[in-house]
>>> print(open('coords-v4.tsv').read())   # TSV, C-alpha atoms
chain	number	residue	atom	x	y	z
A	1	MET	CA	0.00	0.00	0.00
A	2	THR	CA	2.89	2.36	0.78
A	3	LEU	CA	4.30	1.87	-2.71
A	4	LEU	CA	0.94	2.74	-4.30
A	5	LEU	CA	0.75	5.87	-2.14
A	6	LEU	CA	4.27	6.85	-3.20
A	7	ILE	CA	3.49	6.28	-6.88
A	8	TRP	CA	0.20	8.18	-6.66
A	9	ASN	CA	1.70	11.19	-4.86
A	10	PHE	CA	4.63	11.48	-7.23
A	11	PHE	CA	2.36	10.90	-10.22
A	12	GLN	CA	0.40	13.96	-9.01
A	13	ILE	CA	3.61	15.94	-8.71
A	14	GLY	CA	4.60	14.96	-12.23
A	15	ALA	CA	1.12	15.63	-13.63
A	16	PHE	CA	0.25	18.92	-11.97
A	17	SER	CA	3.59	20.67	-11.69
A	18	ILE	CA	3.99	22.72	-14.80
A	19	GLY	CA	7.08	24.80	-15.40
A	20	GLY	CA	10.04	22.73	-14.28
A	21	GLY	CA	11.67	21.65	-11.07
A	22	TYR	CA	11.67	24.90	-9.13
A	23	ALA	CA	8.02	25.54	-9.91
A	24	MET	CA	7.32	22.10	-8.43
A	25	ILE	CA	8.89	22.81	-5.04
A	26	PRO	CA	5.70	24.07	-3.32
A	27	LEU	CA	3.67	21.04	-4.45
A	28	ILE	CA	6.48	18.60	-3.71
A	29	GLN	CA	7.03	20.13	-0.28
A	30	LYS	CA	3.31	20.05	0.55
A	31	LEU	CA	2.86	16.38	-0.41
A	32	ILE	CA	6.11	15.15	1.12
A	33	VAL	CA	5.66	17.00	4.41
A	34	ALA	CA	1.91	16.20	4.66
A	35	ASN	CA	2.67	12.48	4.37
A	36	GLY	CA	5.44	12.74	6.97
A	37	TRP	CA	8.15	11.53	4.62
A	38	LEU	CA	10.38	14.59	5.16
A	39	THR	CA	10.33	17.80	7.21
A	40	VAL	CA	10.42	21.27	5.63
A	41	GLN	CA	14.11	21.52	6.58
A	42	GLU	CA	14.84	18.16	4.91
A	43	VAL	CA	13.04	19.31	1.74
A	44	ALA	CA	15.30	22.38	1.68
A	45	ASP	CA	18.28	20.05	2.10
A	46	VAL	CA	17.05	17.93	-0.85
A	47	VAL	CA	16.86	21.13	-2.95
A	48	ALA	CA	20.47	21.91	-2.03
A	49	ILE	CA	21.63	18.35	-2.67
A	50	SER	CA	19.83	18.23	-6.01
A	51	GLN	CA	21.96	21.16	-7.16
A	52	MET	CA	25.07	19.05	-6.60
A	53	THR	CA	23.77	15.97	-8.40
A	54	PRO	CA	22.78	15.41	-12.02
A	55	GLY	CA	19.12	15.35	-12.97
A	56	PRO	CA	16.03	17.44	-12.38
A	57	PHE	CA	14.97	18.34	-8.84
A	58	ALA	CA	11.67	16.43	-8.99
A	59	ILE	CA	13.37	13.19	-9.98
A	60	ASN	CA	16.06	13.64	-7.33
A	61	ALA	CA	13.40	14.35	-4.68
A	62	ALA	CA	11.28	11.39	-5.80
A	63	THR	CA	14.22	9.02	-5.75
A	64	PHE	CA	15.40	10.29	-2.36
A	65	VAL	CA	11.96	10.05	-0.72
A	66	GLY	CA	11.29	6.63	-2.24
A	67	MET	CA	14.63	5.32	-1.02
A	68	ARG	CA	14.04	6.72	2.44
A	69	VAL	CA	10.51	5.34	2.76
A	70	SER	CA	10.75	1.95	0.99
A	71	GLY	CA	14.32	1.35	-0.13
A	72	VAL	CA	15.34	0.68	-3.73
A	73	VAL	CA	11.85	-0.48	-4.76
A	74	GLY	CA	10.39	2.74	-3.33
A	75	ALA	CA	12.98	4.83	-5.17
A	76	ILE	CA	12.09	3.13	-8.46
A	77	CYS	CA	8.34	3.52	-7.85
A	78	CYS	CA	8.64	7.22	-7.01
A	79	THR	CA	10.90	7.92	-9.97
A	80	VAL	CA	8.53	6.14	-12.37
A	81	GLY	CA	5.56	7.90	-10.75
A	82	VAL	CA	7.03	11.39	-11.19
A	83	THR	CA	8.23	10.85	-14.79
A	84	LEU	CA	5.26	8.92	-16.21
A	85	PRO	CA	2.92	11.94	-16.55
A	86	SER	CA	5.58	13.87	-18.47
A	87	VAL	CA	6.08	11.01	-20.89
A	88	ILE	CA	2.33	10.72	-21.49
A	89	ILE	CA	1.77	14.48	-21.79
A	90	VAL	CA	4.74	15.05	-24.11
A	91	LEU	CA	3.65	12.25	-26.42
A	92	ILE	CA	0.14	13.69	-26.66
A	93	ILE	CA	1.28	17.30	-27.08
A	94	ALA	CA	3.94	16.40	-29.65
A	95	LYS	CA	1.25	14.73	-31.73
A	96	PHE	CA	-0.81	17.93	-31.94
A	97	PHE	CA	1.43	20.90	-31.08
A	98	PHE	CA	3.18	21.32	-34.41
A	99	ASN	CA	-0.17	21.42	-36.19
A	100	PHE	CA	-1.56	24.12	-33.88
A	101	GLN	CA	1.46	26.13	-32.69
A	102	HIS	CA	0.55	29.15	-34.82
A	103	VAL	CA	-3.06	29.28	-33.64
A	104	PRO	CA	-3.52	32.43	-31.51
A	105	GLY	CA	-5.39	30.55	-28.76
A	106	VAL	CA	-2.43	28.22	-28.20
A	107	ARG	CA	-0.05	31.18	-27.94
A	108	TYR	CA	-2.41	32.90	-25.48
A	109	VAL	CA	-2.46	29.81	-23.26
A	110	LEU	CA	1.33	29.83	-23.18
A	111	TYR	CA	1.34	33.57	-22.38
A	112	GLY	CA	-1.02	32.88	-19.47
A	113	ILE	CA	1.05	30.04	-18.05
A	114	ARG	CA	4.34	31.97	-17.92
A	115	PRO	CA	3.39	34.39	-15.09
A	116	VAL	CA	2.04	31.52	-12.98
A	117	VAL	CA	5.31	29.66	-13.39
A	118	MET	CA	7.16	32.78	-12.24
A	119	ALA	CA	4.91	32.97	-9.16
A	120	LEU	CA	5.61	29.32	-8.36
A	121	ILE	CA	9.34	29.91	-8.64
A	122	ALA	CA	9.04	33.00	-6.41
A	123	THR	CA	7.17	30.90	-3.83
A	124	SER	CA	10.01	28.40	-3.90
A	125	ILE	CA	12.55	31.16	-3.40
A	126	VAL	CA	10.70	32.44	-0.33
A	127	THR	CA	10.45	28.94	1.16
A	128	ILE	CA	14.12	28.15	0.54
A	129	ALA	CA	15.18	31.59	1.84
A	130	GLN	CA	13.29	30.97	5.09
A	131	THR	CA	15.15	27.73	5.71
A	132	ALA	CA	18.53	28.88	4.36
A	133	LEU	CA	18.85	32.40	5.72
A	134	PHE	CA	17.15	32.18	9.10
A	135	ILE	CA	18.17	30.30	12.23
A	136	PRO	CA	15.82	27.27	12.44
A	137	GLU	CA	15.64	27.24	16.25
A	138	VAL	CA	14.25	30.79	16.37
A	139	THR	CA	10.58	31.24	15.54
A	140	LEU	CA	10.35	33.86	12.81
A	141	THR	CA	8.05	36.73	13.75
A	142	LEU	CA	7.84	40.32	12.61
A	143	GLN	CA	9.35	41.49	15.91
A	144	ASN	CA	12.45	39.25	15.83
A	145	VAL	CA	13.34	39.20	12.12
A	146	LEU	CA	16.81	40.67	12.65
A	147	GLN	CA	17.54	38.35	15.59
A	148	SER	CA	16.54	35.25	13.62
A	149	VAL	CA	18.66	36.02	10.55
A	150	ASP	CA	21.66	33.75	10.02
A	151	TRP	CA	24.04	36.53	8.97
A	152	LYS	CA	26.76	34.07	7.90
A	153	ALA	CA	24.30	32.48	5.46
A	154	VAL	CA	23.21	35.90	4.19
A	155	ALA	CA	26.85	36.88	3.61
A	156	LEU	CA	27.53	33.61	1.79
A	157	CYS	CA	24.42	34.16	-0.35
A	158	VAL	CA	25.43	37.74	-1.26
A	159	VAL	CA	29.03	36.78	-2.06
A	160	SER	CA	27.81	33.85	-4.20
A	161	LEU	CA	25.34	36.07	-6.04
A	162	ILE	CA	28.01	38.68	-6.77
A	163	ALA	CA	30.48	36.00	-7.90
A	164	MET	CA	27.97	34.48	-10.32
A	165	VAL	CA	26.48	37.72	-11.68
A	166	LYS	CA	29.45	40.08	-11.77
A	167	PHE	CA	32.36	37.67	-12.24
A	168	LYS	CA	30.43	34.96	-14.16
A	169	VAL	CA	31.71	32.14	-11.91
A	170	ASP	CA	30.43	28.80	-13.16
A	171	PRO	CA	27.54	27.52	-10.99
A	172	VAL	CA	29.22	24.14	-10.46
A	173	ILE	CA	32.38	25.83	-9.21
A	174	MET	CA	30.24	28.10	-7.02
A	175	ILE	CA	28.49	25.10	-5.45
A	176	VAL	CA	31.84	23.48	-4.61
A	177	ILE	CA	33.23	26.73	-3.19
A	178	SER	CA	30.04	27.33	-1.18
A	179	ALA	CA	30.12	23.79	0.24
A	180	ALA	CA	33.72	24.31	1.34
A	181	ALA	CA	32.83	27.74	2.77
A	182	GLY	CA	29.91	26.17	4.66
A	183	ILE	CA	32.24	23.61	6.25
A	184	LEU	CA	34.73	26.34	7.14
A	185	ILE	CA	32.14	28.79	8.48
A	186	TYR	CA	29.87	26.40	10.37
A	187	ALA	CA	32.15	23.54	11.43
A	188	VAL	CA	35.56	25.08	11.87
A	189	LEU	CA	34.92	28.68	12.94
>>> encode(input="coords-v4.tsv", output="structure tokens")
Amino acid sequence: MTLLLLIWNFFQIGAFSIGGGYAMIPLIQKLIVANGWLTVQEVADVVAISQMTPGPFAINAATFVGMRVSGVVGAICCTVGVTLPSVIIVLIIAKFFFNFQHVPGVRYVLYGIRPVVMALIATSIVTIAQTALFIPEVTLTLQNVLQSVDWKAVALCVVSLIAMVKFKVDPVIMIVISAAAGILIYAVL
């Protein structure tokens, strides 16, 4: 029964998460946390880990949760569950899209979807920022925002952003440097 629940939940994630991995984070987080498979902090950790491993976030999350809940069989079930809707949808769309791509209604649908995808990504950014830039032991309220900020994490975020935007540091190199800086800042200092 657990395997069917895993497949069904990740099938939903694959079917109803339009716009890519980051747009899926709110739905993935809601389903994973609601079922008690991971905490919000662990979901944020999976997001971070997925940036260091090959493959899309949703597949990494599905495989991780499946492995944690039901071992290798669970990992396979979750991975199949999350990818199956995409395979089905792409096959259907590919059959018809090229015939109708110049129809104004199709273009208008795509114009309408883009802002929603941006909102989903923004929601993900807020959720990840809450877990990455604030001290987890301190309850975040309007009165104690400055006290609950993890200033080391904020500094690391700003330095990383500047390095990638201004100096065009490769994201993979930035991830490795940030991991080393995290060990230095949090474990050594």
>>> residues_near_point(input="coords-v4.tsv", point="(11.9, 8.9, -4.9)", cutoff="10 Å", atoms="all atoms listed in the file", output="PDB file with C-alpha atoms, in the frame of the given file")
ATOM      1  CA  LEU A   6       4.270   6.850  -3.200  1.00  0.00           C
ATOM      2  CA  ILE A   7       3.490   6.280  -6.880  1.00  0.00           C
ATOM      3  CA  PHE A  10       4.630  11.480  -7.230  1.00  0.00           C
ATOM      4  CA  ALA A  58      11.670  16.430  -8.990  1.00  0.00           C
ATOM      5  CA  ILE A  59      13.370  13.190  -9.980  1.00  0.00           C
ATOM      6  CA  ASN A  60      16.060  13.640  -7.330  1.00  0.00           C
ATOM      7  CA  ALA A  61      13.400  14.350  -4.680  1.00  0.00           C
ATOM      8  CA  ALA A  62      11.280  11.390  -5.800  1.00  0.00           C
ATOM      9  CA  THR A  63      14.220   9.020  -5.750  1.00  0.00           C
ATOM     10  CA  PHE A  64      15.400  10.290  -2.360  1.00  0.00           C
ATOM     11  CA  VAL A  65      11.960  10.050  -0.720  1.00  0.00           C
ATOM     12  CA  GLY A  66      11.290   6.630  -2.240  1.00  0.00           C
ATOM     13  CA  MET A  67      14.630   5.320  -1.020  1.00  0.00           C
ATOM     14  CA  ARG A  68      14.040   6.720   2.440  1.00  0.00           C
ATOM     15  CA  VAL A  69      10.510   5.340   2.760  1.00  0.00           C
ATOM     16  CA  SER A  70      10.750   1.950   0.990  1.00  0.00           C
ATOM     17  CA  GLY A  71      14.320   1.350  -0.130  1.00  0.00           C
ATOM     18  CA  VAL A  72      15.340   0.680  -3.730  1.00  0.00           C
ATOM     19  CA  VAL A  73      11.850  -0.480  -4.760  1.00  0.00           C
ATOM     20  CA  GLY A  74      10.390   2.740  -3.330  1.00  0.00           C
ATOM     21  CA  ALA A  75      12.980   4.830  -5.170  1.00  0.00           C
ATOM     22  CA  ILE A  76      12.090   3.130  -8.460  1.00  0.00           C
ATOM     23  CA  CYS A  77       8.340   3.520  -7.850  1.00  0.00           C
ATOM     24  CA  CYS A  78       8.640   7.220  -7.010  1.00  0.00           C
ATOM     25  CA  THR A  79      10.900   7.920  -9.970  1.00  0.00           C
ATOM     26  CA  VAL A  80       8.530   6.140 -12.370  1.00  0.00           C
ATOM     27  CA  GLY A  81       5.560   7.900 -10.750  1.00  0.00           C
ATOM     28  CA  VAL A  82       7.030  11.390 -11.190  1.00  0.00           C
TER      29      VAL A  82
END
>>> residues_around(input="coords-v4.tsv", residues="Thr39 (chain A)", least_positions_apart="5", cutoff="12 Å", atoms="only C-alpha atoms", output="PDB file with C-alpha atoms, in the coordinates of the input")
ATOM      1  CA  ILE A  28       6.480  18.600  -3.710  1.00  0.00           C
ATOM      2  CA  GLN A  29       7.030  20.130  -0.280  1.00  0.00           C
ATOM      3  CA  LYS A  30       3.310  20.050   0.550  1.00  0.00           C
ATOM      4  CA  LEU A  31       2.860  16.380  -0.410  1.00  0.00           C
ATOM      5  CA  ILE A  32       6.110  15.150   1.120  1.00  0.00           C
ATOM      6  CA  VAL A  33       5.660  17.000   4.410  1.00  0.00           C
ATOM      7  CA  ALA A  34       1.910  16.200   4.660  1.00  0.00           C
ATOM      8  CA  ALA A  44      15.300  22.380   1.680  1.00  0.00           C
ATOM      9  CA  ASP A  45      18.280  20.050   2.100  1.00  0.00           C
ATOM     10  CA  VAL A  46      17.050  17.930  -0.850  1.00  0.00           C
ATOM     11  CA  VAL A  65      11.960  10.050  -0.720  1.00  0.00           C
ATOM     12  CA  THR A 131      15.150  27.730   5.710  1.00  0.00           C
TER      13      THR A 131
END
>>> residues_around(input="coords-v4.tsv", residues="region 182-187 of chain A", least_positions_apart="2", cutoff="9 Å", atoms="only C-alpha atoms", output="list in words")
Lys152, Ala153, Leu156, Ile177, Ser178, Ala179, Ala180 and Leu189 of chain A
>>> closest_residue(input="coords-v4.tsv", among="A:Val159, A:Leu91, A:Ala119, A:Val149", to="Ala181 (chain A)", atoms="all atoms listed in the file")
A:Val159
>>> atom_distance(input="coords-v4.tsv", atom1="CA of Asn35 (chain A)", atom2="CA of Asn9 (chain A)")
9.4 Å
>>> closest_residue(input="coords-v4.tsv", among="A:Asp170, A:Ile135, A:Thr141, A:Ile92", to="Val154 (chain A)", atoms="only C-alpha atoms")
A:Ile135
>>> axis_aligned_box(input="coords-v4.tsv", around="region 60-64 of chain A", padding_each_side="8 Å", output="lines of an AutoDock Vina configuration file")
center_x = 13.7
center_y = 11.7
center_z = -4.8
size_x = 20.8
size_y = 21.3
size_z = 21.0
>>> atom_distance(input="coords-v4.tsv", atom1="CA of Leu5 (chain A)", atom2="CA of Ile49 (chain A)")
24.3 Å
>>> closest_residue(input="coords-v4.tsv", among="A:Val116, A:Asp150, A:Ile125, A:Tyr111", to="Glu137 (chain A)", atoms="only C-alpha atoms")
A:Asp150
>>> atom_distance(input="coords-v4.tsv", atom1="CA of Leu161 (chain A)", atom2="CA of Leu142 (chain A)")
25.9 Å
>>> closest_residue(input="coords-v4.tsv", among="A:Ala15, A:Val188, A:Gln101, A:Ile173", to="Val87 (chain A)", atoms="only C-alpha atoms")
A:Ala15
>>> closest_residue(input="coords-v4.tsv", among="A:Gln51, A:Met118, A:Thr123, A:Ser17", to="Pro171 (chain A)", atoms="only C-alpha atoms")
A:Gln51
>>> build_atoms(input="coords-v4.tsv", residues="region 67-78 of chain A", atoms="all heavy atoms", output="short mmCIF file (atom, residue, chain, number, x, y, z; two decimals), in the frame of the given file")
data_model
loop_
_atom_site.label_atom_id
_atom_site.label_comp_id
_atom_site.auth_asym_id
_atom_site.auth_seq_id
_atom_site.Cartn_x
_atom_site.Cartn_y
_atom_site.Cartn_z
N MET A 67 13.57 6.09 -1.67
CA MET A 67 14.63 5.32 -1.02
C MET A 67 14.49 5.39 0.50
O MET A 67 14.65 4.38 1.18
CB MET A 67 16.00 5.86 -1.46
CG MET A 67 17.15 5.07 -0.97
SD MET A 67 17.19 3.48 -1.81
CE MET A 67 18.66 2.81 -1.13
N ARG A 68 14.17 6.55 1.00
CA ARG A 68 14.04 6.72 2.44
C ARG A 68 12.84 5.96 3.00
O ARG A 68 12.91 5.40 4.08
CB ARG A 68 13.91 8.20 2.76
CG ARG A 68 13.86 8.47 4.23
CD ARG A 68 14.41 9.80 4.53
NE ARG A 68 14.46 10.00 5.96
CZ ARG A 68 14.43 11.16 6.53
NH1 ARG A 68 14.37 12.23 5.80
NH2 ARG A 68 14.50 11.26 7.82
N VAL A 69 11.74 5.95 2.26
CA VAL A 69 10.51 5.34 2.76
C VAL A 69 10.48 3.83 2.52
O VAL A 69 10.11 3.07 3.41
CB VAL A 69 9.27 6.01 2.11
CG1 VAL A 69 7.99 5.29 2.48
CG2 VAL A 69 9.19 7.47 2.52
N SER A 70 10.89 3.38 1.32
CA SER A 70 10.75 1.95 0.99
C SER A 70 11.96 1.35 0.28
O SER A 70 11.83 0.39 -0.48
CB SER A 70 9.52 1.75 0.10
OG SER A 70 8.35 2.03 0.82
N GLY A 71 13.13 1.93 0.45
CA GLY A 71 14.32 1.35 -0.13
C GLY A 71 14.39 1.50 -1.64
O GLY A 71 13.76 2.39 -2.22
N VAL A 72 15.12 0.61 -2.29
CA VAL A 72 15.34 0.68 -3.73
C VAL A 72 14.03 0.57 -4.50
O VAL A 72 13.79 1.30 -5.46
CB VAL A 72 16.35 -0.41 -4.19
CG1 VAL A 72 16.47 -0.44 -5.69
CG2 VAL A 72 17.70 -0.19 -3.54
N VAL A 73 13.15 -0.32 -4.08
CA VAL A 73 11.85 -0.48 -4.76
C VAL A 73 11.05 0.81 -4.66
O VAL A 73 10.44 1.26 -5.63
CB VAL A 73 11.06 -1.67 -4.18
CG1 VAL A 73 9.67 -1.75 -4.77
CG2 VAL A 73 11.81 -2.97 -4.40
N GLY A 74 11.07 1.46 -3.50
CA GLY A 74 10.39 2.74 -3.33
C GLY A 74 10.99 3.82 -4.22
O GLY A 74 10.26 4.64 -4.80
N ALA A 75 12.31 3.85 -4.32
CA ALA A 75 12.98 4.83 -5.17
C ALA A 75 12.56 4.65 -6.63
O ALA A 75 12.28 5.63 -7.33
CB ALA A 75 14.50 4.70 -5.03
N ILE A 76 12.50 3.40 -7.07
CA ILE A 76 12.09 3.13 -8.46
C ILE A 76 10.63 3.54 -8.67
O ILE A 76 10.29 4.18 -9.66
CB ILE A 76 12.32 1.64 -8.80
CG1 ILE A 76 13.83 1.34 -8.85
CG2 ILE A 76 11.65 1.28 -10.13
CD1 ILE A 76 14.18 -0.13 -8.90
N CYS A 77 9.77 3.18 -7.73
CA CYS A 77 8.34 3.52 -7.85
C CYS A 77 8.13 5.03 -7.91
O CYS A 77 7.36 5.52 -8.74
CB CYS A 77 7.55 2.93 -6.69
SG CYS A 77 7.36 1.14 -6.78
N CYS A 78 8.79 5.76 -7.03
CA CYS A 78 8.64 7.22 -7.01
C CYS A 78 9.18 7.85 -8.29
O CYS A 78 8.56 8.77 -8.85
CB CYS A 78 9.35 7.82 -5.82
SG CYS A 78 8.53 7.49 -4.25
#
